[in-house]
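The file coords.txt comes next; it holds compact mmCIF, C-alpha atoms.
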# COMPACT_ATOMS: atom_id res chain seq x y z
CA MET A 286 148.67 -25.18 134.38
CA SER A 287 146.93 -21.88 135.21
CA GLU A 288 148.52 -18.49 134.52
CA ASP A 289 148.84 -17.81 138.30
CA ALA A 290 150.56 -21.15 138.88
CA LEU A 291 153.03 -20.48 136.04
CA LEU A 292 153.79 -17.05 137.48
CA VAL A 293 154.48 -18.51 140.93
CA ARG A 294 156.70 -21.25 139.48
CA GLU A 295 158.70 -18.78 137.42
CA ALA A 296 159.16 -16.52 140.46
CA MET A 297 160.51 -19.39 142.57
CA GLU A 298 162.90 -20.53 139.82
CA ARG A 299 164.13 -16.99 139.24
CA THR A 300 164.75 -16.46 142.96
CA ALA A 301 166.70 -19.74 143.27
CA GLU A 302 168.86 -18.95 140.22
CA GLU A 303 169.83 -15.54 141.66
CA LEU A 304 171.18 -16.97 144.91
CA ALA A 305 174.97 -16.98 145.11
CA PRO A 306 176.60 -20.38 145.80
CA LEU A 307 177.63 -21.11 149.35
CA PRO A 308 181.30 -20.41 150.05
CA ASP A 309 183.56 -23.36 150.76
CA LEU A 310 184.22 -23.99 154.43
CA VAL A 311 187.81 -23.23 155.37
CA PRO A 312 189.72 -23.71 158.62
CA GLY A 313 188.38 -21.30 161.21
CA ALA A 314 184.95 -21.01 159.56
CA VAL A 315 183.47 -24.35 160.61
CA SER A 316 182.18 -22.94 163.90
CA LEU A 317 180.08 -20.44 161.94
CA GLY A 318 178.57 -23.05 159.65
CA ARG A 319 175.45 -23.54 161.71
CA ARG A 320 174.58 -19.84 161.68
CA ARG A 321 175.47 -19.42 158.00
CA ARG A 322 173.20 -22.29 157.03
CA ALA A 323 170.45 -20.69 159.06
CA ALA A 324 171.04 -17.31 157.41
CA VAL A 325 170.91 -18.85 153.91
CA ARG A 326 167.74 -20.74 154.86
CA LEU A 327 166.15 -17.56 156.16
CA GLY A 328 167.20 -15.55 153.13
CA LEU A 329 165.83 -18.14 150.71
CA THR A 330 162.53 -18.32 152.57
CA ALA A 331 162.11 -14.55 152.75
CA GLY A 332 163.20 -14.08 149.13
CA VAL A 333 160.92 -16.74 147.65
CA PHE A 334 157.88 -15.80 149.71
CA GLY A 335 158.50 -12.09 149.17
CA THR A 336 158.52 -12.73 145.41
CA LEU A 337 155.36 -14.83 145.66
CA THR A 338 153.66 -12.00 147.51
CA VAL A 339 154.52 -9.64 144.66
CA ALA A 340 153.10 -12.14 142.18
CA ALA A 341 149.89 -12.58 144.13
CA LEU A 342 149.17 -9.04 145.28
CA GLY A 343 150.98 -6.85 142.77
CA ALA A 344 154.09 -4.77 143.27
CA SER A 345 152.11 -1.63 144.00
CA ALA A 346 150.76 -3.10 147.23
CA LEU A 347 154.31 -3.53 148.53
CA SER A 348 155.66 -0.09 147.72
CA GLY A 349 156.08 0.61 151.45
CA GLY A 350 159.21 -1.56 151.73
CA GLY A 351 160.68 -5.02 151.25
CA SER A 352 160.70 -6.04 154.92
CA GLY A 353 156.92 -5.86 155.08
CA ALA A 354 156.66 -8.28 152.17
CA SER A 355 158.76 -11.00 153.80
CA THR A 356 157.15 -10.77 157.22
CA ALA A 357 153.62 -10.68 155.83
CA ALA A 358 154.24 -13.80 153.79
CA THR A 359 156.32 -15.80 156.27
CA GLY A 360 155.00 -14.62 159.63
CA THR A 361 158.19 -13.93 161.57
CA GLY A 362 160.42 -14.39 158.54
CA VAL A 363 161.89 -17.68 159.86
CA ALA A 364 161.59 -20.96 158.01
CA ALA A 365 159.31 -23.55 159.61
CA GLU A 366 161.00 -26.04 161.96
CA PRO A 367 159.83 -29.07 163.96
CA TYR A 368 157.57 -28.15 166.87
CA ARG A 369 159.39 -27.50 170.16
CA THR A 370 157.38 -28.58 173.17
CA PRO A 371 157.14 -25.64 175.59
CA VAL A 372 158.73 -25.93 179.02
CA HIS A 373 156.53 -25.44 182.06
CA VAL A 374 158.19 -23.32 184.75
CA VAL A 375 156.30 -22.86 188.01
CA PRO A 376 155.92 -19.09 188.53
CA THR A 377 156.85 -17.35 191.75
CA PRO A 378 153.78 -17.17 194.05
CA GLY A 379 151.93 -13.89 193.55
CA GLN A 380 153.88 -13.04 190.39
CA THR A 381 151.99 -11.99 187.27
CA GLU A 382 154.01 -12.97 184.22
CA ASP A 383 154.33 -10.24 181.60
CA GLY A 384 153.47 -11.46 178.12
CA GLY A 385 151.31 -14.33 179.40
CA PHE A 386 148.77 -16.19 177.28
CA ALA A 387 145.91 -16.43 179.78
CA GLY A 388 142.72 -14.69 178.69
CA LEU A 389 143.87 -13.95 175.15
CA PRO A 390 141.53 -14.47 172.19
CA ALA A 391 142.24 -17.76 170.43
CA LYS A 392 143.58 -16.09 167.27
CA GLU A 393 146.03 -13.88 169.20
CA ARG A 394 147.18 -16.78 171.35
CA ARG A 395 147.96 -18.81 168.23
CA ARG A 396 149.90 -15.88 166.78
CA LEU A 397 152.04 -15.52 169.90
CA GLU A 398 152.60 -19.27 170.20
CA ASP A 399 153.73 -19.36 166.55
CA PHE A 400 156.01 -16.39 167.21
CA GLN A 401 157.51 -18.21 170.20
CA GLN A 402 158.22 -21.32 168.15
CA ARG A 403 160.01 -19.33 165.47
CA ALA A 404 161.86 -17.20 168.01
CA ALA A 405 163.10 -20.37 169.71
CA VAL A 406 164.58 -21.58 166.41
CA ALA A 407 166.28 -18.22 165.78
CA LEU A 408 167.65 -18.06 169.34
CA ASP A 409 169.01 -21.58 168.91
CA ASP A 410 170.91 -20.39 165.84
CA ALA A 411 172.16 -17.23 167.58
CA LEU A 412 173.33 -18.77 170.85
CA PRO A 413 176.26 -21.20 171.17
CA ASP A 414 175.80 -24.91 171.78
CA SER A 415 176.89 -24.40 175.39
CA VAL A 416 173.49 -22.83 176.15
CA GLY A 417 171.75 -25.97 174.89
CA THR A 418 168.60 -26.54 172.88
CA ILE A 419 166.21 -23.59 173.15
CA ARG A 420 162.54 -24.22 173.90
CA PRO A 421 159.70 -21.80 174.67
CA VAL A 422 158.47 -21.36 178.24
CA ASP A 423 154.69 -21.74 178.39
CA SER A 424 154.03 -18.84 180.77
CA SER A 425 155.20 -15.89 178.62
CA VAL A 426 155.99 -15.06 175.02
CA ALA A 427 159.21 -13.40 176.26
CA LEU A 428 160.67 -16.46 178.04
CA TYR A 429 162.69 -19.40 176.72
CA GLN A 430 164.94 -22.05 178.23
CA GLY A 431 168.17 -23.61 177.10
CA GLU A 432 169.15 -27.01 178.49
CA LYS A 433 172.54 -28.67 178.20
CA ASP A 434 173.86 -31.66 180.16
CA GLY A 435 171.33 -31.11 182.94
CA SER A 436 171.97 -27.36 183.27
CA ARG A 437 169.09 -24.98 182.52
CA PHE A 438 169.50 -21.38 181.43
CA LEU A 439 166.52 -19.03 181.28
CA VAL A 440 166.61 -16.82 178.18
CA THR A 441 164.63 -13.58 178.02
CA PHE A 442 163.82 -12.25 174.56
CA GLU A 443 161.85 -9.01 174.62
CA VAL A 444 160.88 -6.73 171.73
CA ARG A 445 158.82 -3.84 173.12
CA PRO A 446 157.54 -0.54 171.75
CA GLY A 447 160.21 2.08 172.53
CA ASP A 448 160.03 5.38 174.35
CA GLY A 449 160.85 7.72 171.53
CA GLY A 450 164.57 7.06 171.14
CA ARG A 451 165.76 7.86 174.67
CA SER A 452 169.23 6.38 175.10
CA GLU A 453 169.66 3.80 177.85
CA ASP A 454 172.52 4.25 180.30
CA CYS A 455 175.56 2.02 179.86
CA ARG A 456 177.90 2.09 182.83
CA ASP A 457 179.71 -0.26 185.15
CA VAL A 458 178.14 -0.80 188.57
CA PRO A 459 180.76 -2.61 190.68
CA ALA A 460 178.43 -2.97 193.67
CA LYS A 461 176.11 -5.10 191.50
CA GLY A 462 178.92 -6.93 189.75
CA MET A 463 177.80 -5.29 186.49
CA THR A 464 179.87 -4.24 183.51
CA CYS A 465 178.53 -2.52 180.39
CA GLU A 466 180.08 -1.62 177.07
CA LYS A 467 178.76 -0.31 173.77
CA ALA A 468 179.38 -2.10 170.49
CA ARG A 469 178.17 -1.84 166.92
CA LEU A 470 175.60 -4.53 166.06
CA THR A 471 175.02 -3.24 162.52
CA ASP A 472 176.07 -0.08 160.74
CA ALA A 473 172.86 1.56 161.96
CA VAL A 474 172.39 -0.11 165.35
CA GLU A 475 174.48 0.39 168.50
CA ALA A 476 174.09 -2.27 171.19
CA ARG A 477 174.78 -2.33 174.91
CA LEU A 478 176.49 -5.46 176.25
CA ARG A 479 176.12 -6.29 179.93
CA ARG A 480 177.57 -8.89 182.25
CA ALA A 481 175.93 -8.82 185.69
CA ALA A 482 175.90 -10.83 188.90
CA THR A 483 172.58 -12.67 189.12
CA GLY A 484 171.34 -14.63 192.12
CA SER A 485 174.70 -14.23 193.82
CA MET A 486 178.00 -12.50 193.14
CA ASP A 487 179.37 -15.85 191.96
CA THR A 488 177.04 -16.34 188.97
CA THR A 489 176.54 -13.93 186.11
CA SER A 490 174.15 -13.31 183.24
CA ALA A 491 175.00 -12.08 179.75
CA ALA A 492 172.77 -9.58 177.96
CA ILE A 493 172.50 -7.43 174.87
CA SER A 494 170.03 -4.57 174.40
CA PHE A 495 169.49 -2.23 171.46
CA GLY A 496 166.94 -0.12 169.65
CA PHE A 497 165.41 -1.48 166.44
CA GLY A 498 162.83 0.40 164.40
CA ASN A 499 160.29 1.65 166.91
CA SER A 500 161.21 -0.93 169.55
CA GLU A 501 163.65 -1.70 172.34
CA VAL A 502 165.14 -5.20 172.32
CA LEU A 503 166.59 -7.23 175.19
CA ILE A 504 168.17 -10.67 175.02
CA ASN A 505 169.38 -11.94 178.38
CA VAL A 506 170.83 -15.35 179.22
CA SER A 507 170.57 -16.07 182.95
CA PRO A 508 172.76 -18.44 184.96
CA ASP A 509 171.66 -21.80 186.31
CA GLU A 510 171.44 -20.61 189.90
CA GLU A 511 170.70 -24.06 191.34
CA GLU A 512 173.85 -25.50 189.77
CA GLY A 513 175.88 -22.33 190.38
CA ILE A 514 176.81 -22.05 186.70
CA SER A 515 177.06 -18.65 185.00
CA ALA A 516 175.58 -17.99 181.57
CA PRO A 517 177.95 -20.02 179.35
CA LEU A 518 178.83 -17.37 176.78
CA THR A 519 180.55 -14.02 176.57
CA THR A 520 178.73 -10.83 175.67
CA GLN A 521 180.92 -10.58 172.55
CA ARG A 522 179.77 -14.05 171.48
CA LEU A 523 176.17 -12.97 172.10
CA LEU A 524 176.69 -9.90 169.90
CA GLU A 525 178.17 -11.99 167.09
CA GLY A 526 175.39 -14.57 167.30
CA VAL A 527 172.65 -11.97 167.03
CA ARG A 528 174.44 -10.29 164.12
CA GLU A 529 175.15 -13.44 162.11
CA SER A 530 171.94 -15.42 162.67
CA GLY A 531 168.38 -14.79 161.50
CA LEU A 532 167.28 -13.40 164.86
CA LEU A 533 167.01 -9.84 163.58
CA GLU A 534 164.29 -10.97 161.15
CA VAL A 535 162.25 -12.14 164.15
CA VAL A 536 162.97 -8.80 165.83
CA ARG A 537 161.75 -7.03 162.69
CA TYR A 538 158.47 -8.94 162.77
CA ALA A 539 157.90 -8.11 166.46
CA ASP A 540 158.71 -4.46 165.77
CA GLU A 541 156.09 -4.32 163.01
CA HIS A 542 153.59 -6.60 164.79
CA PRO A 543 154.14 -6.14 168.57
CA VAL A 544 154.00 -9.19 170.83
CA LEU A 545 154.62 -7.31 174.11
CA GLY A 546 153.42 -4.04 175.63
CA LYS A 547 155.58 -1.04 176.40
CA GLN A 548 157.93 -1.40 179.39
CA VAL A 549 156.33 0.35 182.34
CA SER A 550 159.15 -0.04 184.87
CA VAL A 551 162.61 1.46 184.59
CA ARG A 552 165.30 -1.13 183.90
CA GLY A 553 168.31 -0.77 186.16
CA GLY A 554 171.90 -0.34 184.99
Just dump the structure as C-alpha cells.
Amino acid sequence: MSEDALLVREAMERTAEELAPLPDLVPGAVSLGRRRRAAVRLGLTAGVFGTLTVAALGASALSGGGSGASTAATGTGVAAEPYRTPVHVVPTPGQTEDGGFAGLPAKERRRLEDFQQRAAVALDDALPDSVGTIRPVDSSVALYQGEKDGSRFLVTFEVRPGDGGRSEDCRDVPAKGMTCEKARLTDAVEARLRRAATGSMDTTSAAISFGFGNSEVLINVSPDEEEGISAPLTTQRLLEGVRESGLLEVVRYADEHPVLGKQVSVRGG
C-alpha cells in the first residue's frame, strides 16, 4: 500500500475513533431522531473529508479556516443521497424565473443542479414530515416542492449576497395578515420569523430569514392554494428544524460559493 493510501486510511480511522457515541433515545427525543441522524451523518462526512483534504493538500493550504476545508472536499457539505427527480412547474406567462438554468455553461449548470439535490436533502431533514418529501423544481435553483397526501407546498430557499449588514424590518402588518418576531437561531445569528397570508387571507406561509456570513438567507414554505391548506408547520418549528439539521452547512457553501445574484427588489414586510 502506498504512503498516501496509508495516510488516508489512518486519517479516516482516527476521525471515526474520535466521534462520540450516539446518545440513547429517550421518551420525548424520538421526534428529533431523524434530524440527529442527519446531523451525525453530515458531521462524519465533513470531518472525514476535511481530514482527507489536509492529508492531500497539506495543513498550510487550509489555514484560512475549517469550513472551507469541508465545503471544498464535499461540495455543499451534505452526504450524497439518492437522486431526486426534479419537479416541473409551469411558470407564469411572461415571468422570468430568478436562478434559472437556461443559458448557463454546462459546468455551472451541473454545479447548481448538484447544489439543488443536496439542498433538497437538507431541507427534507429540516422540515417536518407534514411538508412531505422535498424535491427540486427544475426552473430555478431557489425553488423546491414538498408533497404529502396529494398536497403540494412550494419551498423557497434563497442564499444571496447581502447588502452590507443592513437590518431587515420585522413588524406585524395586520392588513396583510402578517406577523413577525425575532428569535435566536445560533449564538451569533438572529432570525426573523414570519407568518403571512398568501393567496388569500385564509391560507398562510411560514418563513425564516437571517444573515449568514456575507449573505442573506430566506426559507419560505408556501401554502397549497388550490387545496386551501396553509403551510403545515409553525415558524418556531421551522426555526428548530434549521438549527438542528444540516441545512446551515448548505447555507455556508452557498455563502462561500454563491448560487444566486444579489436581491435587486426590496422585500416587503
For atom CA of Lys392 of chain A and atom CA of Ala427 of chain A, quote the distance in Å rounded to one decimal.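 Atom CA of Ala427 of chain A lies at a distance of 18.2 Å from atom CA of Lys392 of chain A.
Coordinates place atom CA of Gln521 of chain A at a distance of 17.7 Å from atom CA of Gly462 of chain A.
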Of the residues A:Lys461, A:Arg445, A:His542, A:Arg403, which is the one nearest to Ser500 of chain A, using all atoms listed in the file?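 Nearest candidate to Ser500 of chain A out of A:Lys461, A:Arg445, A:His542, A:Arg403: A:Arg445.
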Residue among A:Val416, A:Leu397, A:Val458, A:Leu439 lying closest to Pro543 of chain A, counting only C-alpha atoms: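 Going through A:Val416, A:Leu397, A:Val458, A:Leu439 one by one, the smallest distance to Pro543 of chain A is for A:Leu397.
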Under the rule that all atoms listed in the file are counted, which of A:Gln401, A:Gln430, A:Ser490, A:Ser507 is the nearest residue to Val535 of chain A?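 The answer is A:Gln401, which sits nearest to Val535 of chain A.
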Distance query Cys465 of chain A at most 10 Å, all atoms listed in the file, self and fewer than 3 positions along chain excluded, as a PDB file with C-alpha atoms, in the frame of the given file:
ATOM      1  CA  ASP A 454     172.520   4.250 180.300  1.00  0.00           C
ATOM      2  CA  CYS A 455     175.560   2.020 179.860  1.00  0.00           C
ATOM      3  CA  ARG A 456     177.900   2.090 182.830  1.00  0.00           C
ATOM      4  CA  ASP A 457     179.710  -0.260 185.150  1.00  0.00           C
ATOM      5  CA  VAL A 458     178.140  -0.800 188.570  1.00  0.00           C
ATOM      6  CA  ALA A 468     179.380  -2.100 170.490  1.00  0.00           C
ATOM      7  CA  ARG A 477     174.780  -2.330 174.910  1.00  0.00           C
ATOM      8  CA  LEU A 478     176.490  -5.460 176.250  1.00  0.00           C
ATOM      9  CA  ARG A 479     176.120  -6.290 179.930  1.00  0.00           C
ATOM     10  CA  ARG A 480     177.570  -8.890 182.250  1.00  0.00           C
ATOM     11  CA  ALA A 481     175.930  -8.820 185.690  1.00  0.00           C
ATOM     12  CA  ALA A 492     172.770  -9.580 177.960  1.00  0.00           C
ATOM     13  CA  ILE A 493     172.500  -7.430 174.870  1.00  0.00           C
ATOM     14  CA  THR A 520     178.730 -10.830 175.670  1.00  0.00           C
ATOM     15  CA  GLY A 554     171.900  -0.340 184.990  1.00  0.00           C
TER      16      GLY A 554
END
Between A:Ala405, A:Val444, A:Leu389, A:Ala460, which residue has the minimum interatomic distance to Asp540 of chain A, considering only C-alpha atoms?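 Among A:Ala405, A:Val444, A:Leu389, A:Ala460, it is A:Val444 that comes nearest to Asp540 of chain A.
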In Å, how far is it from atom CA of Val406 of chain A to atom CA of Val374 of chain A?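 Going from atom CA of Val406 of chain A over to atom CA of Val374 of chain A covers 19.5 Å.
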